[in-house]
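A.B. asks: Can you read through this structure? Questions will come right after.
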Amino acid sequence: MADLKVNFVPTRWWEALNFLRLNFEMVRGCDPLADSILAQPWSPSNLLECGYMLDNFFHTDNYFIVADNQQAGLVSLGYHPEFIFIYSLGLLPDFQRQRVGKQAAEFIEAYRKQRGCPWAVAAMAAGNRPVQLLSKAFGGRPLGLSTTTLTLTGICPSISSLAKFKVKRLTRAEANEAWKQWRLHEVEHIAGSDAVDIAARLLETPPRGEYLAIHRRRHEVGFAVARKQGSELEASVSVSSAFWSDVPTADLVALIENHLGASVRHLTLTQTHANALNGSTFFSFERPREQERHLVVFKQF
């Protein structure tokens, strides 16, 4: 089949609302955030999200994808000195199997090269199968920063090994360093050492709460931040890859619970860590996979 003739037409400021409308249309049914906004567009939280997206439009380079004079999709790109960020890449269903995606990827690669950026980073909904397949076809790999929040419904720690872990309270300044160290530990493990600098630029500060360094046999092996919500805890844990399996994770949760005197109800882990808990006999939890978003990095297309 011959490729369709595809053009990438820069959007103008007065086309912002049409651009956002098309963006929602492309991800309808595969992005829970978009579905929520479409179902309740006037709710305060959704209005705030739309405002963020509209503001983002005016700080990015945006293009309509036009195939044989028909609107086929869109691309939204942000430029940074060391990488470009792919905020959105989508095609309407009628154009997802007509090689338009390949030309869109080539357009993004040309955009990257023109600006001298060695990297590209993309964010995508877990349910956006077409974009995930396109990403994989062009060498995209997980960055290691994506997280998920598990709702714990049962835990069975190994009491014999619990004493091997200790916690130490950290100041805010100490926590910022520990958070960065252990979040980037996973990036290096998953995406490679050459992706660490890129991830550091995308890393947000730790959420508020009580900051804890996790030690084992006098060595720091991770970081946790926890805060009380009523009688329960919300905890975020980043640890060495040696402790991503279910038994040490259960022990670490129990350690936080013993230290703070409350049960952990919501546990935030990186998606790679959470994947290692699948089929666990020590954990029972609910995982909102459909709400997850993946960060993917490309060295070149």
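So you can find residues: chains in the structure tokens are A, B, ... in the order shown, residues in each start at 1, and ligands are numbered from 1 in order.
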Just list as a PyMOL selection string whatever in stretch 51-268 of chain A DSSP marks as strand (DSSP E).

C.D. replies: chain A and resi 61-67+70-79+83-91+119-125+141-142+147-155+165-169+210-216+219-229+232-239+263-268

A.B. asks: Fewer than 2 positions away in the same chain doesn't count, so skip those; otherwise give me all residues within 8 Å of A:Leu277, counting only C-alpha atoms, as a list of chain:residue names.

C.D. replies: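 Contacts, with the query itself left out: A:Trp244, A:Ser245, A:Asp246, A:His273, A:Ala274, A:Asn275, A:Gly279, A:Ser280, A:Phe283.
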
A.B. asks: Among stretch 50-258 of chain A, which residues carry a DSSP assignment of helix (DSSP H, G or I), reported as a VMD selection string?

C.D. replies: chain A and resid 50 to 57 93 to 95 100 to 114 129 to 137 159 to 162 172 to 191 193 to 202 241 to 243 246 to 258

A.B. asks: Using only C-alpha atoms, determine which residues lie at most 10 Å from stretch 285-298 of chain A, disregarding the query and same-chain residues fewer than 6 positions distant; provide the list as a ChimeraX atom specification.

C.D. replies: /A:30-33,83-86,109,118-128,132,135-136,138-155,191,195,198-199,265-267,271,274,277-278

A.B. asks: So how many Å separate atom CA of A:Ala262 and atom CA of A:Ser241, to one decimal?

C.D. replies: 26.1 Å

A.B. asks: What is the distance between atom CA of A:Leu17 and atom CA of A:Leu133, in Å to one decimal?

C.D. replies: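 Calculated distance between atom CA of A:Leu17 and atom CA of A:Leu133 is 28.1 Å.
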
A.B. asks: Give me, as a VMD selection string, all polymer residues having an atom no more than 12 Å from A:Lys113, counting only C-alpha atoms and skipping those fewer than 2 positions away in the same chain.

C.D. replies: chain A and resid 79 81 to 84 106 to 111 115 to 120 299 to 301

A.B. asks: Excluding A:Glu220 and its own-chain neighbours fewer than 3 positions away, which residues fall within 12 Å of it when counting only C-alpha atoms? Please give them as a PDB file with all heavy atoms, in the first residue's frame.

C.D. replies:
ATOM      1  N   LYS A 164      16.101  -6.574  60.433  1.00  0.00           N
ATOM      2  CA  LYS A 164      17.264  -6.232  59.621  1.00  0.00           C
ATOM      3  C   LYS A 164      17.161  -4.821  59.046  1.00  0.00           C
ATOM      4  O   LYS A 164      18.156  -4.249  58.623  1.00  0.00           O
ATOM      5  CB  LYS A 164      17.444  -7.243  58.507  1.00  0.00           C
ATOM      6  CG  LYS A 164      17.724  -8.664  58.997  1.00  0.00           C
ATOM      7  CD  LYS A 164      17.839  -9.637  57.844  1.00  0.00           C
ATOM      8  CE  LYS A 164      18.069 -11.066  58.343  1.00  0.00           C
ATOM      9  NZ  LYS A 164      18.132 -12.031  57.216  1.00  0.00           N
ATOM     10  N   PHE A 165      15.958  -4.267  58.980  1.00  0.00           N
ATOM     11  CA  PHE A 165      15.747  -2.927  58.452  1.00  0.00           C
ATOM     12  C   PHE A 165      15.573  -1.932  59.593  1.00  0.00           C
ATOM     13  O   PHE A 165      14.954  -2.234  60.624  1.00  0.00           O
ATOM     14  CB  PHE A 165      14.499  -2.878  57.566  1.00  0.00           C
ATOM     15  CG  PHE A 165      14.636  -3.623  56.272  1.00  0.00           C
ATOM     16  CD1 PHE A 165      14.056  -4.868  56.106  1.00  0.00           C
ATOM     17  CD2 PHE A 165      15.331  -3.072  55.205  1.00  0.00           C
ATOM     18  CE1 PHE A 165      14.169  -5.561  54.916  1.00  0.00           C
ATOM     19  CE2 PHE A 165      15.461  -3.752  54.007  1.00  0.00           C
ATOM     20  CZ  PHE A 165      14.878  -4.999  53.869  1.00  0.00           C
ATOM     21  N   LYS A 166      16.117  -0.753  59.412  1.00  0.00           N
ATOM     22  CA  LYS A 166      15.963   0.338  60.369  1.00  0.00           C
ATOM     23  C   LYS A 166      15.581   1.597  59.598  1.00  0.00           C
ATOM     24  O   LYS A 166      15.835   1.706  58.388  1.00  0.00           O
ATOM     25  CB  LYS A 166      17.260   0.596  61.140  1.00  0.00           C
ATOM     26  CG  LYS A 166      17.806  -0.609  61.889  1.00  0.00           C
ATOM     27  CD  LYS A 166      16.915  -1.033  63.034  1.00  0.00           C
ATOM     28  CE  LYS A 166      17.520  -2.204  63.797  1.00  0.00           C
ATOM     29  NZ  LYS A 166      16.634  -2.678  64.889  1.00  0.00           N
ATOM     30  N   VAL A 167      14.962   2.546  60.290  1.00  0.00           N
ATOM     31  CA  VAL A 167      14.636   3.824  59.653  1.00  0.00           C
ATOM     32  C   VAL A 167      15.250   4.965  60.449  1.00  0.00           C
ATOM     33  O   VAL A 167      15.469   4.860  61.660  1.00  0.00           O
ATOM     34  CB  VAL A 167      13.110   4.043  59.535  1.00  0.00           C
ATOM     35  CG1 VAL A 167      12.491   3.026  58.592  1.00  0.00           C
ATOM     36  CG2 VAL A 167      12.438   4.008  60.891  1.00  0.00           C
ATOM     37  N   LYS A 168      15.524   6.054  59.730  1.00  0.00           N
ATOM     38  CA  LYS A 168      16.065   7.257  60.352  1.00  0.00           C
ATOM     39  C   LYS A 168      15.329   8.454  59.786  1.00  0.00           C
ATOM     40  O   LYS A 168      15.177   8.584  58.563  1.00  0.00           O
ATOM     41  CB  LYS A 168      17.561   7.376  60.035  1.00  0.00           C
ATOM     42  CG  LYS A 168      18.203   8.673  60.515  1.00  0.00           C
ATOM     43  CD  LYS A 168      19.631   8.792  59.996  1.00  0.00           C
ATOM     44  CE  LYS A 168      20.214  10.162  60.340  1.00  0.00           C
ATOM     45  NZ  LYS A 168      21.583  10.336  59.773  1.00  0.00           N
ATOM     46  N   ALA A 178      17.902  12.394  49.289  1.00  0.00           N
ATOM     47  CA  ALA A 178      17.634  10.953  49.321  1.00  0.00           C
ATOM     48  C   ALA A 178      16.598  10.562  48.276  1.00  0.00           C
ATOM     49  O   ALA A 178      16.721   9.530  47.607  1.00  0.00           O
ATOM     50  CB  ALA A 178      17.155  10.542  50.715  1.00  0.00           C
ATOM     51  N   GLN A 181      18.294  10.569  44.928  1.00  0.00           N
ATOM     52  CA  GLN A 181      19.211   9.438  44.807  1.00  0.00           C
ATOM     53  C   GLN A 181      18.475   8.148  44.481  1.00  0.00           C
ATOM     54  O   GLN A 181      18.863   7.424  43.550  1.00  0.00           O
ATOM     55  CB  GLN A 181      19.983   9.263  46.120  1.00  0.00           C
ATOM     56  CG  GLN A 181      20.854   7.998  46.148  1.00  0.00           C
ATOM     57  CD  GLN A 181      21.441   7.731  47.520  1.00  0.00           C
ATOM     58  OE1 GLN A 181      21.400   8.590  48.410  1.00  0.00           O
ATOM     59  NE2 GLN A 181      21.975   6.540  47.715  1.00  0.00           N
ATOM     60  N   TRP A 182      17.394   7.865  45.213  1.00  0.00           N
ATOM     61  CA  TRP A 182      16.749   6.566  45.051  1.00  0.00           C
ATOM     62  C   TRP A 182      15.777   6.525  43.889  1.00  0.00           C
ATOM     63  O   TRP A 182      15.561   5.459  43.300  1.00  0.00           O
ATOM     64  CB  TRP A 182      16.096   6.139  46.368  1.00  0.00           C
ATOM     65  CG  TRP A 182      17.151   5.823  47.373  1.00  0.00           C
ATOM     66  CD1 TRP A 182      17.495   6.551  48.471  1.00  0.00           C
ATOM     67  CD2 TRP A 182      18.070   4.726  47.317  1.00  0.00           C
ATOM     68  NE1 TRP A 182      18.560   5.982  49.113  1.00  0.00           N
ATOM     69  CE2 TRP A 182      18.938   4.851  48.430  1.00  0.00           C
ATOM     70  CE3 TRP A 182      18.252   3.657  46.442  1.00  0.00           C
ATOM     71  CZ2 TRP A 182      19.949   3.945  48.683  1.00  0.00           C
ATOM     72  CZ3 TRP A 182      19.264   2.746  46.700  1.00  0.00           C
ATOM     73  CH2 TRP A 182      20.098   2.888  47.800  1.00  0.00           C
ATOM     74  N   LEU A 212      11.902   9.375  55.743  1.00  0.00           N
ATOM     75  CA  LEU A 212      12.625   8.301  56.397  1.00  0.00           C
ATOM     76  C   LEU A 212      13.685   7.713  55.470  1.00  0.00           C
ATOM     77  O   LEU A 212      13.370   7.343  54.336  1.00  0.00           O
ATOM     78  CB  LEU A 212      11.660   7.178  56.820  1.00  0.00           C
ATOM     79  CG  LEU A 212      10.459   7.579  57.685  1.00  0.00           C
ATOM     80  CD1 LEU A 212       9.502   6.412  57.810  1.00  0.00           C
ATOM     81  CD2 LEU A 212      10.933   8.045  59.060  1.00  0.00           C
ATOM     82  N   ALA A 213      14.910   7.633  55.955  1.00  0.00           N
ATOM     83  CA  ALA A 213      15.940   6.869  55.261  1.00  0.00           C
ATOM     84  C   ALA A 213      15.837   5.426  55.742  1.00  0.00           C
ATOM     85  O   ALA A 213      15.656   5.167  56.931  1.00  0.00           O
ATOM     86  CB  ALA A 213      17.318   7.428  55.571  1.00  0.00           C
ATOM     87  N   ILE A 214      15.932   4.487  54.812  1.00  0.00           N
ATOM     88  CA  ILE A 214      15.830   3.069  55.146  1.00  0.00           C
ATOM     89  C   ILE A 214      17.231   2.472  55.135  1.00  0.00           C
ATOM     90  O   ILE A 214      17.967   2.602  54.153  1.00  0.00           O
ATOM     91  CB  ILE A 214      14.926   2.333  54.140  1.00  0.00           C
ATOM     92  CG1 ILE A 214      13.529   2.959  54.133  1.00  0.00           C
ATOM     93  CG2 ILE A 214      14.845   0.846  54.473  1.00  0.00           C
ATOM     94  CD1 ILE A 214      12.645   2.469  52.999  1.00  0.00           C
ATOM     95  N   HIS A 215      17.586   1.830  56.234  1.00  0.00           N
ATOM     96  CA  HIS A 215      18.918   1.239  56.369  1.00  0.00           C
ATOM     97  C   HIS A 215      18.808  -0.268  56.584  1.00  0.00           C
ATOM     98  O   HIS A 215      17.852  -0.756  57.188  1.00  0.00           O
ATOM     99  CB  HIS A 215      19.662   1.857  57.558  1.00  0.00           C
ATOM    100  CG  HIS A 215      20.044   3.281  57.355  1.00  0.00           C
ATOM    101  ND1 HIS A 215      21.308   3.677  56.969  1.00  0.00           N
ATOM    102  CD2 HIS A 215      19.316   4.430  57.461  1.00  0.00           C
ATOM    103  CE1 HIS A 215      21.356   4.987  56.864  1.00  0.00           C
ATOM    104  NE2 HIS A 215      20.150   5.476  57.157  1.00  0.00           N
ATOM    105  N   ARG A 216      19.790  -0.958  56.095  1.00  0.00           N
ATOM    106  CA  ARG A 216      19.920  -2.395  56.348  1.00  0.00           C
ATOM    107  C   ARG A 216      21.397  -2.695  56.563  1.00  0.00           C
ATOM    108  O   ARG A 216      22.222  -2.396  55.704  1.00  0.00           O
ATOM    109  CB  ARG A 216      19.361  -3.220  55.183  1.00  0.00           C
ATOM    110  CG  ARG A 216      19.311  -4.721  55.464  1.00  0.00           C
ATOM    111  CD  ARG A 216      18.586  -5.431  54.318  1.00  0.00           C
ATOM    112  NE  ARG A 216      18.367  -6.840  54.597  1.00  0.00           N
ATOM    113  CZ  ARG A 216      19.214  -7.823  54.294  1.00  0.00           C
ATOM    114  NH1 ARG A 216      20.362  -7.525  53.694  1.00  0.00           N
ATOM    115  NH2 ARG A 216      18.937  -9.076  54.586  1.00  0.00           N
ATOM    116  N   ARG A 217      21.692  -3.267  57.747  1.00  0.00           N
ATOM    117  CA  ARG A 217      23.084  -3.560  58.104  1.00  0.00           C
ATOM    118  C   ARG A 217      23.975  -2.330  57.931  1.00  0.00           C
ATOM    119  O   ARG A 217      25.030  -2.374  57.299  1.00  0.00           O
ATOM    120  CB  ARG A 217      23.615  -4.729  57.281  1.00  0.00           C
ATOM    121  CG  ARG A 217      22.881  -6.041  57.558  1.00  0.00           C
ATOM    122  CD  ARG A 217      23.336  -7.134  56.629  1.00  0.00           C
ATOM    123  NE  ARG A 217      22.602  -8.376  56.886  1.00  0.00           N
ATOM    124  CZ  ARG A 217      22.638  -9.443  56.094  1.00  0.00           C
ATOM    125  NH1 ARG A 217      23.364  -9.402  54.984  1.00  0.00           N
ATOM    126  NH2 ARG A 217      21.963 -10.529  56.398  1.00  0.00           N
ATOM    127  N   PHE A 223      14.476   5.042  50.557  1.00  0.00           N
ATOM    128  CA  PHE A 223      13.864   6.253  51.103  1.00  0.00           C
ATOM    129  C   PHE A 223      12.353   6.060  51.123  1.00  0.00           C
ATOM    130  O   PHE A 223      11.778   5.411  50.232  1.00  0.00           O
ATOM    131  CB  PHE A 223      14.224   7.454  50.223  1.00  0.00           C
ATOM    132  CG  PHE A 223      13.470   8.713  50.556  1.00  0.00           C
ATOM    133  CD1 PHE A 223      13.895   9.542  51.587  1.00  0.00           C
ATOM    134  CD2 PHE A 223      12.336   9.071  49.845  1.00  0.00           C
ATOM    135  CE1 PHE A 223      13.197  10.701  51.891  1.00  0.00           C
ATOM    136  CE2 PHE A 223      11.637  10.230  50.141  1.00  0.00           C
ATOM    137  CZ  PHE A 223      12.073  11.055  51.164  1.00  0.00           C
ATOM    138  N   ALA A 224      11.712   6.617  52.133  1.00  0.00           N
ATOM    139  CA  ALA A 224      10.244   6.572  52.210  1.00  0.00           C
ATOM    140  C   ALA A 224       9.731   7.907  52.723  1.00  0.00           C
ATOM    141  O   ALA A 224      10.403   8.594  53.508  1.00  0.00           O
ATOM    142  CB  ALA A 224       9.781   5.445  53.129  1.00  0.00           C
ATOM    143  N   SER A 238      10.959   4.239  47.715  1.00  0.00           N
ATOM    144  CA  SER A 238      11.927   4.022  46.644  1.00  0.00           C
ATOM    145  C   SER A 238      13.134   3.336  47.257  1.00  0.00           C
ATOM    146  O   SER A 238      13.768   3.891  48.155  1.00  0.00           O
ATOM    147  CB  SER A 238      12.349   5.347  46.002  1.00  0.00           C
ATOM    148  OG  SER A 238      11.251   5.980  45.377  1.00  0.00           O
ATOM    149  N   VAL A 239      13.434   2.128  46.792  1.00  0.00           N
ATOM    150  CA  VAL A 239      14.517   1.355  47.403  1.00  0.00           C
ATOM    151  C   VAL A 239      15.396   0.728  46.328  1.00  0.00           C
ATOM    152  O   VAL A 239      15.050   0.695  45.147  1.00  0.00           O
ATOM    153  CB  VAL A 239      13.968   0.239  48.318  1.00  0.00           C
ATOM    154  CG1 VAL A 239      13.241   0.823  49.510  1.00  0.00           C
ATOM    155  CG2 VAL A 239      13.077  -0.718  47.546  1.00  0.00           C
ATOM    156  N   SER A 240      16.520   0.200  46.779  1.00  0.00           N
ATOM    157  CA  SER A 240      17.433  -0.518  45.907  1.00  0.00           C
ATOM    158  C   SER A 240      16.703  -1.656  45.200  1.00  0.00           C
ATOM    159  O   SER A 240      15.810  -2.297  45.764  1.00  0.00           O
ATOM    160  CB  SER A 240      18.591  -1.078  46.736  1.00  0.00           C
ATOM    161  OG  SER A 240      19.318  -2.052  46.015  1.00  0.00           O
TER     162      SER A 240
END

A.B. asks: Pick out the residues sitting within 10 Å of stretch 69-78 of chain A, and hand them over as an NGL selection string; count only C-alpha atoms, and ignore anything fewer than 5 positions along from it in its own chain.

C.D. replies: :A and (4-11 or 19-20 or 22-23 or 25-26 or 56-57 or 59-64 or 83-96 or 100-101 or 104-105 or 107-108 or 111-112 or 120-122)

A.B. asks: One number please: atom CA of A:Glu188 to atom CA of A:Thr270, in Å, one decimal.

C.D. replies: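 According to the coordinates, atom CA of A:Glu188 and atom CA of A:Thr270 are separated by 13.3 Å.
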
A.B. asks: Please determine, counting only C-alpha atoms, which residue among A:Gly51, A:Arg129, A:Ser231, A:Ser193 has the shortest atom-to-atom distance to A:Gly29.

C.D. replies: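 Among A:Gly51, A:Arg129, A:Ser231, A:Ser193, it is A:Arg129 that comes nearest to A:Gly29.
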